[in-house]
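Quick look at work-v6.cif (mmCIF, C-alpha atoms):
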data_protein
loop_
_atom_site.label_atom_id
_atom_site.label_comp_id
_atom_site.auth_asym_id
_atom_site.auth_seq_id
_atom_site.Cartn_x
_atom_site.Cartn_y
_atom_site.Cartn_z
CA MET B 116 63.01 -16.41 -30.91
CA ILE B 117 63.69 -19.99 -31.97
CA ASN B 118 61.24 -19.58 -34.86
CA PHE B 119 63.16 -16.60 -36.23
CA TYR B 120 66.27 -18.75 -36.09
CA LEU B 121 64.58 -21.67 -37.88
CA ILE B 122 63.29 -19.64 -40.83
CA THR B 123 66.89 -18.81 -41.75
CA LYS B 124 67.36 -22.53 -42.54
CA PRO B 125 70.49 -22.79 -40.35
CA GLY B 126 71.40 -26.22 -41.70
CA ILE B 127 71.63 -24.89 -45.24
CA VAL B 128 73.56 -21.81 -44.14
CA LEU B 129 76.05 -23.84 -42.12
CA GLY B 130 76.54 -26.36 -44.92
CA ASN B 131 77.25 -23.59 -47.40
CA LEU B 132 79.70 -21.91 -45.03
CA VAL B 133 81.83 -25.07 -45.21
CA THR B 134 82.17 -24.55 -48.96
CA VAL B 135 82.83 -20.83 -48.45
CA ALA B 136 85.71 -21.71 -46.15
CA ALA B 137 87.08 -24.22 -48.66
CA GLY B 138 87.06 -21.63 -51.45
CA PHE B 139 88.67 -19.03 -49.21
CA LEU B 140 91.41 -21.37 -47.97
CA LEU B 141 92.10 -22.67 -51.47
CA ALA B 142 92.70 -19.11 -52.70
CA SER B 143 94.73 -18.17 -49.61
CA LYS B 144 97.34 -20.90 -50.24
CA GLY B 145 98.31 -20.93 -46.59
CA ASN B 146 98.54 -17.15 -46.22
CA ILE B 147 95.33 -16.66 -44.27
CA SER B 148 93.96 -13.31 -43.13
CA LEU B 149 91.78 -14.23 -40.13
CA GLY B 150 89.92 -10.92 -40.20
CA LEU B 151 89.04 -11.27 -43.87
CA PHE B 152 88.08 -14.90 -43.34
CA LEU B 153 85.65 -14.11 -40.51
CA ALA B 154 84.19 -11.13 -42.35
CA THR B 155 83.56 -13.25 -45.45
CA LEU B 156 81.85 -15.96 -43.41
CA LEU B 157 79.74 -13.45 -41.48
CA GLY B 158 78.73 -11.35 -44.47
CA LEU B 159 77.74 -14.28 -46.63
CA ALA B 160 76.02 -16.08 -43.75
CA LEU B 161 73.76 -13.07 -43.26
CA ILE B 162 73.00 -12.82 -46.99
CA MET B 163 72.26 -16.55 -47.22
CA ALA B 164 70.02 -16.35 -44.15
CA SER B 165 68.14 -13.48 -45.77
CA ALA B 166 67.70 -15.49 -48.97
CA CYS B 167 66.44 -18.51 -47.04
CA ILE B 168 63.86 -16.41 -45.20
CA LEU B 169 62.56 -15.02 -48.48
CA ASN B 170 62.50 -18.53 -49.93
CA ASN B 171 60.45 -19.66 -46.93
CA TYR B 172 58.07 -16.76 -47.48
CA ILE B 173 57.58 -17.53 -51.16
CA ASP B 174 57.27 -21.28 -50.55
CA ARG B 175 54.36 -21.04 -48.10
CA PRO B 176 51.73 -22.40 -50.53
CA LEU B 177 53.97 -25.39 -51.33
CA ASP B 178 55.16 -25.97 -47.78
CA GLU B 179 51.65 -26.33 -46.39
CA LYS B 180 51.09 -29.31 -48.71
CA MET B 181 54.13 -31.31 -47.56
CA LYS B 182 54.45 -33.26 -44.30
CA ARG B 183 58.04 -32.25 -43.64
CA THR B 184 57.38 -28.52 -44.12
CA LYS B 185 53.77 -27.95 -43.07
CA ASN B 186 54.80 -26.96 -39.54
CA ARG B 187 57.25 -24.25 -40.57
CA PRO B 188 56.67 -20.97 -38.65
CA LEU B 189 55.53 -19.02 -41.70
CA VAL B 190 53.05 -21.74 -42.65
CA THR B 191 51.53 -22.04 -39.19
CA GLY B 192 51.43 -18.28 -38.65
CA LEU B 193 53.88 -18.21 -35.75
CA ILE B 194 55.72 -15.53 -37.70
CA ALA B 195 53.80 -12.98 -39.76
CA GLY B 196 54.73 -12.40 -43.36
CA TRP B 197 55.68 -8.75 -42.81
CA GLN B 198 57.93 -9.75 -39.91
CA ALA B 199 59.77 -12.25 -42.11
CA LEU B 200 60.24 -9.72 -44.90
CA PHE B 201 61.56 -7.06 -42.50
CA TYR B 202 63.88 -9.61 -40.88
CA ALA B 203 65.19 -10.73 -44.28
CA ALA B 204 65.79 -7.13 -45.37
CA CYS B 205 67.75 -6.33 -42.22
CA LEU B 206 69.96 -9.42 -42.53
CA GLY B 207 70.50 -8.87 -46.26
CA VAL B 208 71.51 -5.23 -45.87
CA LEU B 209 73.81 -5.99 -42.94
CA GLY B 210 75.48 -8.86 -44.79
CA SER B 211 75.95 -6.71 -47.88
CA LEU B 212 77.58 -3.94 -45.86
CA VAL B 213 79.97 -6.43 -44.25
CA LEU B 214 81.05 -7.86 -47.62
CA LEU B 215 81.40 -4.44 -49.23
CA LYS B 216 83.46 -3.02 -46.37
CA PHE B 217 85.75 -5.94 -45.59
CA THR B 218 86.06 -7.96 -48.84
CA ASN B 219 85.71 -6.51 -52.34
CA LEU B 220 83.14 -5.57 -54.95
CA LEU B 221 83.62 -8.79 -56.91
CA ALA B 222 82.90 -11.02 -53.90
CA PHE B 223 79.79 -8.98 -53.11
CA SER B 224 78.65 -9.07 -56.76
CA VAL B 225 78.99 -12.86 -56.92
CA ALA B 226 77.01 -13.13 -53.68
CA ALA B 227 74.35 -10.81 -55.12
CA VAL B 228 74.02 -12.98 -58.22
CA GLY B 229 73.59 -16.06 -56.05
CA PHE B 230 70.97 -14.24 -53.97
CA PHE B 231 69.02 -13.25 -57.09
CA VAL B 232 69.15 -16.73 -58.61
CA TYR B 233 67.99 -18.38 -55.39
CA VAL B 234 65.31 -15.93 -54.32
CA VAL B 235 63.90 -14.88 -57.67
CA LEU B 236 64.63 -17.58 -60.24
CA TYR B 237 64.70 -20.70 -58.07
CA SER B 238 61.93 -19.75 -55.64
CA MET B 239 59.64 -18.56 -58.43
CA TRP B 240 60.23 -21.46 -60.82
CA LYS B 241 60.85 -24.61 -58.77
CA GLY B 242 57.12 -25.26 -58.57
CA ARG B 243 56.66 -24.73 -62.30
CA THR B 244 59.43 -26.51 -64.14
CA VAL B 245 61.54 -29.64 -63.85
CA TYR B 246 64.57 -27.41 -64.43
CA GLY B 247 64.17 -25.83 -61.01
CA THR B 248 66.86 -28.19 -59.73
CA ALA B 249 69.36 -26.88 -62.27
CA ILE B 250 68.53 -23.28 -61.35
CA GLY B 251 69.00 -24.08 -57.66
CA SER B 252 72.34 -25.72 -58.33
CA VAL B 253 73.67 -22.46 -59.77
CA ALA B 254 72.76 -20.57 -56.60
CA GLY B 255 74.24 -23.30 -54.43
CA ALA B 256 77.53 -23.19 -56.30
CA VAL B 257 78.09 -19.50 -55.51
CA PRO B 258 79.33 -19.66 -51.86
CA PRO B 259 82.78 -21.20 -52.51
CA VAL B 260 83.30 -18.74 -55.34
CA VAL B 261 82.56 -15.85 -52.98
CA GLY B 262 85.12 -17.22 -50.54
CA TYR B 263 87.66 -17.57 -53.34
CA CYS B 264 87.05 -14.11 -54.80
CA ALA B 265 87.20 -12.48 -51.36
CA VAL B 266 90.89 -13.42 -51.37
CA THR B 267 91.88 -13.08 -55.02
CA ASN B 268 89.55 -10.26 -56.14
CA HIS B 269 89.34 -11.88 -59.57
CA PHE B 270 87.51 -14.74 -61.22
CA ASP B 271 90.00 -17.24 -62.63
CA THR B 272 90.26 -20.94 -63.48
CA GLY B 273 90.21 -21.93 -59.81
CA ALA B 274 86.93 -20.09 -59.23
CA LEU B 275 85.43 -21.65 -62.35
CA ILE B 276 86.40 -25.16 -61.26
CA LEU B 277 84.89 -24.60 -57.81
CA PHE B 278 81.67 -23.36 -59.39
CA ALA B 279 81.44 -26.29 -61.81
CA MET B 280 82.23 -28.77 -59.03
CA LEU B 281 79.40 -27.54 -56.86
CA VAL B 282 76.91 -27.45 -59.73
CA LEU B 283 77.72 -31.04 -60.66
CA TRP B 284 77.62 -32.15 -57.02
CA GLN B 285 74.29 -30.52 -56.31
CA MET B 286 72.39 -32.11 -59.16
CA PRO B 287 72.58 -35.70 -57.83
CA HIS B 288 72.36 -34.29 -54.30
CA PHE B 289 69.04 -32.62 -55.13
CA PHE B 290 67.82 -35.64 -57.08
CA SER B 291 68.50 -37.77 -54.00
CA ILE B 292 66.28 -35.48 -51.96
CA ALA B 293 63.59 -35.67 -54.63
CA VAL B 294 63.72 -39.48 -54.55
CA TYR B 295 63.76 -39.62 -50.75
CA HIS B 296 60.83 -37.20 -50.43
CA PHE B 297 59.01 -38.35 -53.57
CA ASP B 298 55.57 -38.46 -51.93
CA ASP B 299 55.90 -34.99 -50.44
CA TYR B 300 56.92 -33.42 -53.74
CA ALA B 301 54.13 -35.28 -55.53
CA ALA B 302 51.57 -34.01 -53.00
CA ALA B 303 52.77 -30.44 -53.54
CA LYS B 304 52.86 -30.99 -57.32
CA ILE B 305 56.48 -29.84 -57.54
CA PRO B 306 57.80 -31.06 -60.93
CA THR B 307 61.01 -32.84 -59.91
CA LEU B 308 62.78 -35.17 -62.33
CA PRO B 309 61.68 -38.43 -60.59
CA ILE B 310 58.04 -37.33 -60.77
CA GLU B 311 58.10 -35.92 -64.31
CA ARG B 312 60.50 -38.31 -66.06
CA GLY B 313 60.63 -41.37 -63.81
CA MET B 314 63.17 -43.07 -61.56
CA LEU B 315 65.20 -44.74 -64.31
CA ARG B 316 65.94 -41.50 -66.10
CA THR B 317 66.71 -39.83 -62.77
CA LYS B 318 69.26 -42.51 -61.89
CA ILE B 319 70.91 -42.23 -65.32
CA HIS B 320 71.21 -38.47 -64.87
CA MET B 321 72.71 -38.96 -61.43
CA VAL B 322 75.38 -41.29 -62.80
CA ILE B 323 76.33 -38.78 -65.50
CA TYR B 324 76.55 -35.88 -63.04
CA ILE B 325 78.63 -37.86 -60.55
CA ILE B 326 81.13 -38.87 -63.24
CA GLY B 327 81.29 -35.22 -64.30
CA PHE B 328 81.85 -34.20 -60.69
CA ILE B 329 84.78 -36.61 -60.28
CA LEU B 330 86.43 -35.34 -63.45
CA VAL B 331 85.96 -31.64 -62.64
CA ALA B 332 87.02 -32.05 -59.00
CA SER B 333 90.27 -33.61 -60.26
CA LEU B 334 91.02 -30.46 -62.25
CA LEU B 335 92.05 -28.61 -59.10
CA THR B 336 95.09 -30.88 -58.94
CA TYR B 337 95.63 -30.85 -62.71
CA PHE B 338 95.90 -27.04 -62.62
CA ASN B 339 98.12 -27.15 -59.51
CA TYR B 340 95.63 -25.61 -57.09
CA THR B 341 95.82 -28.71 -54.86
CA GLY B 342 98.12 -31.68 -54.38
CA TYR B 343 97.74 -35.43 -54.67
CA ILE B 344 96.23 -35.95 -51.22
CA TYR B 345 93.21 -33.96 -52.31
CA LEU B 346 93.12 -35.82 -55.63
CA LEU B 347 93.14 -39.22 -53.90
CA VAL B 348 90.33 -38.20 -51.55
CA ALA B 349 88.27 -36.64 -54.36
CA ILE B 350 88.51 -39.70 -56.60
CA SER B 351 87.99 -42.19 -53.76
CA LEU B 352 84.90 -40.47 -52.40
CA GLY B 353 83.57 -39.81 -55.88
CA VAL B 354 83.91 -43.45 -56.90
CA LEU B 355 82.22 -44.54 -53.66
CA TRP B 356 79.32 -42.20 -54.44
CA LEU B 357 79.18 -43.52 -57.99
CA LEU B 358 79.08 -47.14 -56.83
CA LEU B 359 76.20 -46.41 -54.47
CA CYS B 360 74.43 -44.64 -57.32
CA LEU B 361 74.86 -47.65 -59.61
CA GLN B 362 73.39 -49.89 -56.93
CA GLY B 363 70.20 -47.88 -57.30
CA PHE B 364 69.43 -49.59 -60.60
CA ASN B 365 68.94 -52.88 -58.72
CA ARG B 366 67.22 -51.45 -55.65
CA THR B 367 63.47 -51.62 -55.16
CA ASP B 368 63.51 -49.55 -51.96
CA THR B 369 64.23 -46.33 -53.84
CA ARG B 370 63.25 -44.09 -50.92
CA LEU B 371 65.86 -45.65 -48.63
CA TRP B 372 68.43 -45.60 -51.43
CA GLY B 373 67.70 -41.91 -52.03
CA ARG B 374 68.27 -41.21 -48.34
CA HIS B 375 71.63 -43.02 -48.42
CA MET B 376 72.65 -41.11 -51.55
CA PHE B 377 71.73 -37.84 -49.86
CA GLN B 378 73.67 -38.67 -46.70
CA LEU B 379 76.77 -39.74 -48.63
CA SER B 380 76.64 -36.57 -50.74
CA LEU B 381 76.84 -34.48 -47.57
CA ILE B 382 79.70 -36.54 -46.17
CA LEU B 383 81.56 -36.32 -49.49
CA ILE B 384 81.40 -32.55 -49.90
CA THR B 385 82.25 -31.94 -46.24
CA LEU B 386 85.30 -34.22 -46.29
CA LEU B 387 86.43 -32.78 -49.60
CA CYS B 388 86.22 -29.21 -48.26
CA LEU B 389 88.15 -30.24 -45.15
CA THR B 390 90.79 -31.96 -47.29
CA ILE B 391 91.62 -28.79 -49.23
CA PRO B 392 93.27 -26.90 -46.33
CA PHE B 393 94.89 -30.11 -45.05
CA ASP B 394 96.33 -30.84 -48.48
CA LEU B 395 97.62 -27.30 -48.82
CA ALA B 396 99.22 -27.44 -45.36
CA VAL B 397 101.00 -30.71 -46.16
CA THR B 398 102.07 -29.99 -49.73
CA GLY B 399 102.57 -26.24 -49.33
#
If you convert what's in this file into structure tokens, what do you get?
Amino acid sequence: MINFYLITKPGIVLGNLVTVAAGFLLASKGNISLGLFLATLLGLALIMASACILNNYIDRPLDEKMKRTKNRPLVTGLIAGWQALFYAACLGVLGSLVLLKFTNLLAFSVAAVGFFVYVVLYSMWKGRTVYGTAIGSVAGAVPPVVGYCAVTNHFDTGALILFAMLVLWQMPHFFSIAVYHFDDYAAAKIPTLPIERGMLRTKIHMVIYIIGFILVASLLTYFNYTGYIYLLVAISLGVLWLLLCLQGFNRTDTRLWGRHMFQLSLILITLLCLTIPFDLAVTG
């Protein structure tokens, strides 16, 4: 049973649920419906798990070439392909029914778009083009928007800011992974930016995206969705991330630097998502 749990990529699902909660709580403005909150988390968790299983299924030829993924259950044969597909279908249908019954059509539609981008566009193209990272960032930016739309039932400036924030955050986050696991991606011939365009260009791109992230994250306060506690945390963490990124231009141990950038990116987005409800509770 543990293998069926692992092919859902629980770490990815859990990480995305943090952003779902942030989007939901931002839209709720302190008036939280616990039932709706739990239904949104459950429905989207099931859909994301389904997408991750399908991604695992599609990625088998690439996974068997990389050290960190060659022992995945679908690669080793511990789980048959048909079992994975049936499992993914069941989770996807169940998650869709939960969102449709307890949230709204818009939230479900946004989730469906994210599912399509991740499973079809990202899974099919990440091994073929350097732009796979950008495609993946779109899918990864969907969860907080689903949480937001589950409450508001409309796509407004707040939803757009959340989406843009997550896209801009994920680009350097993904680049960090590509730097950290450079040898693995090279062995699998996955065309990431560090492999195709070099480390210098990758680091320049990361700086640009992080600056963009800081500016866009600040817009939540500018448009009165959050208060100044959130703004202080967003800018402070963003600048810290930027400073670490700039250090990369003078670092020769790029793999270790990439790992540190990846770890800080996770800490940053988690703390920022936790700050949103705290800020709303204090200022609201």
Contacts of range 365-373 of chain B within 7 Å, all atoms listed in the file, excl. fewer than 6 positions in-chain, as a PDB file with C-alpha atoms, keeping the file's coordinate frame:
ATOM      1  CA  SER B 291      68.500 -37.770 -54.000  1.00  0.00           C
ATOM      2  CA  ILE B 292      66.280 -35.480 -51.960  1.00  0.00           C
ATOM      3  CA  VAL B 294      63.720 -39.480 -54.550  1.00  0.00           C
ATOM      4  CA  TYR B 295      63.760 -39.620 -50.750  1.00  0.00           C
TER       5      TYR B 295
END
Proximity to Leu214 in chain B - best of B:Phe231, B:Tyr343, B:Tyr337, B:Phe152, only C-alpha atoms: B:Phe152
Using all atoms listed in the file: which of B:Leu157, B:Leu308, B:Val348, B:Leu379 has the shortest distance to Phe217 in chain B: B:Leu157
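If you measure from each of B:Thr390, B:Ser380, B:Gln362, B:Thr272 to Ile325 in chain B using all atoms listed in the file, the closest one turns out to be B:Ser380.
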Selection result of the PyMOL selection byres ((chain B and resi 158-175) around 6) on this file, as JSON, numbers by chain: {"B": [122, 123, 154, 155, 156, 157, 176, 177, 178, 190, 203, 206, 207, 210, 213, 214, 234, 238]}
d(CA of Val354 in chain B, CA of Gln285 in chain B) in Å: 16.1 Å
Between CA of Phe328 in chain B and CA of Gly342 in chain B - distance in Å to one decimal: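 Distance reported for this atom pair: 17.6 Å.
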Two-atom distance - CA of Ile305 in chain B, CA of Ser252 in chain B (Å):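 These two atoms are separated by 16.4 Å.
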Might you spell out which residues the PyMOL selection byres ((chain B and resi 269) around 12) would select in the displayed file, as an mmCIF file with C-alpha atoms, keeping the file's coordinate frame?
data_model
loop_
_atom_site.group_PDB
_atom_site.id
_atom_site.type_symbol
_atom_site.label_atom_id
_atom_site.label_comp_id
_atom_site.auth_asym_id
_atom_site.auth_seq_id
_atom_site.Cartn_x
_atom_site.Cartn_y
_atom_site.Cartn_z
ATOM 1 C CA ALA B 142 92.700 -19.110 -52.700
ATOM 2 C CA THR B 218 86.060 -7.960 -48.840
ATOM 3 C CA ASN B 219 85.710 -6.510 -52.340
ATOM 4 C CA LEU B 220 83.140 -5.570 -54.950
ATOM 5 C CA LEU B 221 83.620 -8.790 -56.910
ATOM 6 C CA ALA B 222 82.900 -11.020 -53.900
ATOM 7 C CA PHE B 223 79.790 -8.980 -53.110
ATOM 8 C CA SER B 224 78.650 -9.070 -56.760
ATOM 9 C CA VAL B 225 78.990 -12.860 -56.920
ATOM 10 C CA VAL B 260 83.300 -18.740 -55.340
ATOM 11 C CA VAL B 261 82.560 -15.850 -52.980
ATOM 12 C CA GLY B 262 85.120 -17.220 -50.540
ATOM 13 C CA TYR B 263 87.660 -17.570 -53.340
ATOM 14 C CA CYS B 264 87.050 -14.110 -54.800
ATOM 15 C CA ALA B 265 87.200 -12.480 -51.360
ATOM 16 C CA VAL B 266 90.890 -13.420 -51.370
ATOM 17 C CA THR B 267 91.880 -13.080 -55.020
ATOM 18 C CA ASN B 268 89.550 -10.260 -56.140
ATOM 19 C CA PHE B 270 87.510 -14.740 -61.220
ATOM 20 C CA ASP B 271 90.000 -17.240 -62.630
ATOM 21 C CA THR B 272 90.260 -20.940 -63.480
ATOM 22 C CA GLY B 273 90.210 -21.930 -59.810
ATOM 23 C CA ALA B 274 86.930 -20.090 -59.230
ATOM 24 C CA LEU B 275 85.430 -21.650 -62.350
#
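If you measure from each of B:Arg187, B:His320, B:Lys216, B:Lys182 to Leu151 in chain B using all atoms listed in the file, the closest one turns out to be B:Lys216.
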Hits of the PyMOL selection byres ((chain B and resi 232) around 10) in this structure, as a PyMOL selection string: chain B and resi 166+226-231+233-239+250-255+257
Exercise: Phe119 in chain B partners within 10 Å, only C-alpha atoms, chain neighbours under 6 positions left out, as number ranges by chain: B: 168, 188-189, 193-194, 198-199, 202
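Residue nearest Val128 in chain B within the list B:Leu140, B:Leu346, B:Pro258, B:Ile147: B:Pro258 [criterion: smallest interatomic distance, all atoms listed in the file].
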Among listed residues B:Gly196, B:Pro259, B:Pro309, B:Pro287, nearest Val245 in chain B (using only C-alpha atoms): B:Pro309
Polymer residues at most 9 Å from (83.1, -27.3, -56.3) by only C-alpha atoms, as a ChimeraX atom specification: /B:134,138,256,259-260,274-284,328,331-332,384,388
Test item: residues at most 9 Å from Leu386 in chain B, only C-alpha atoms, excluding those fewer than 3 positions along its chain, as a PyMOL selection string: chain B and resi 348-349+352+381-383+389-391
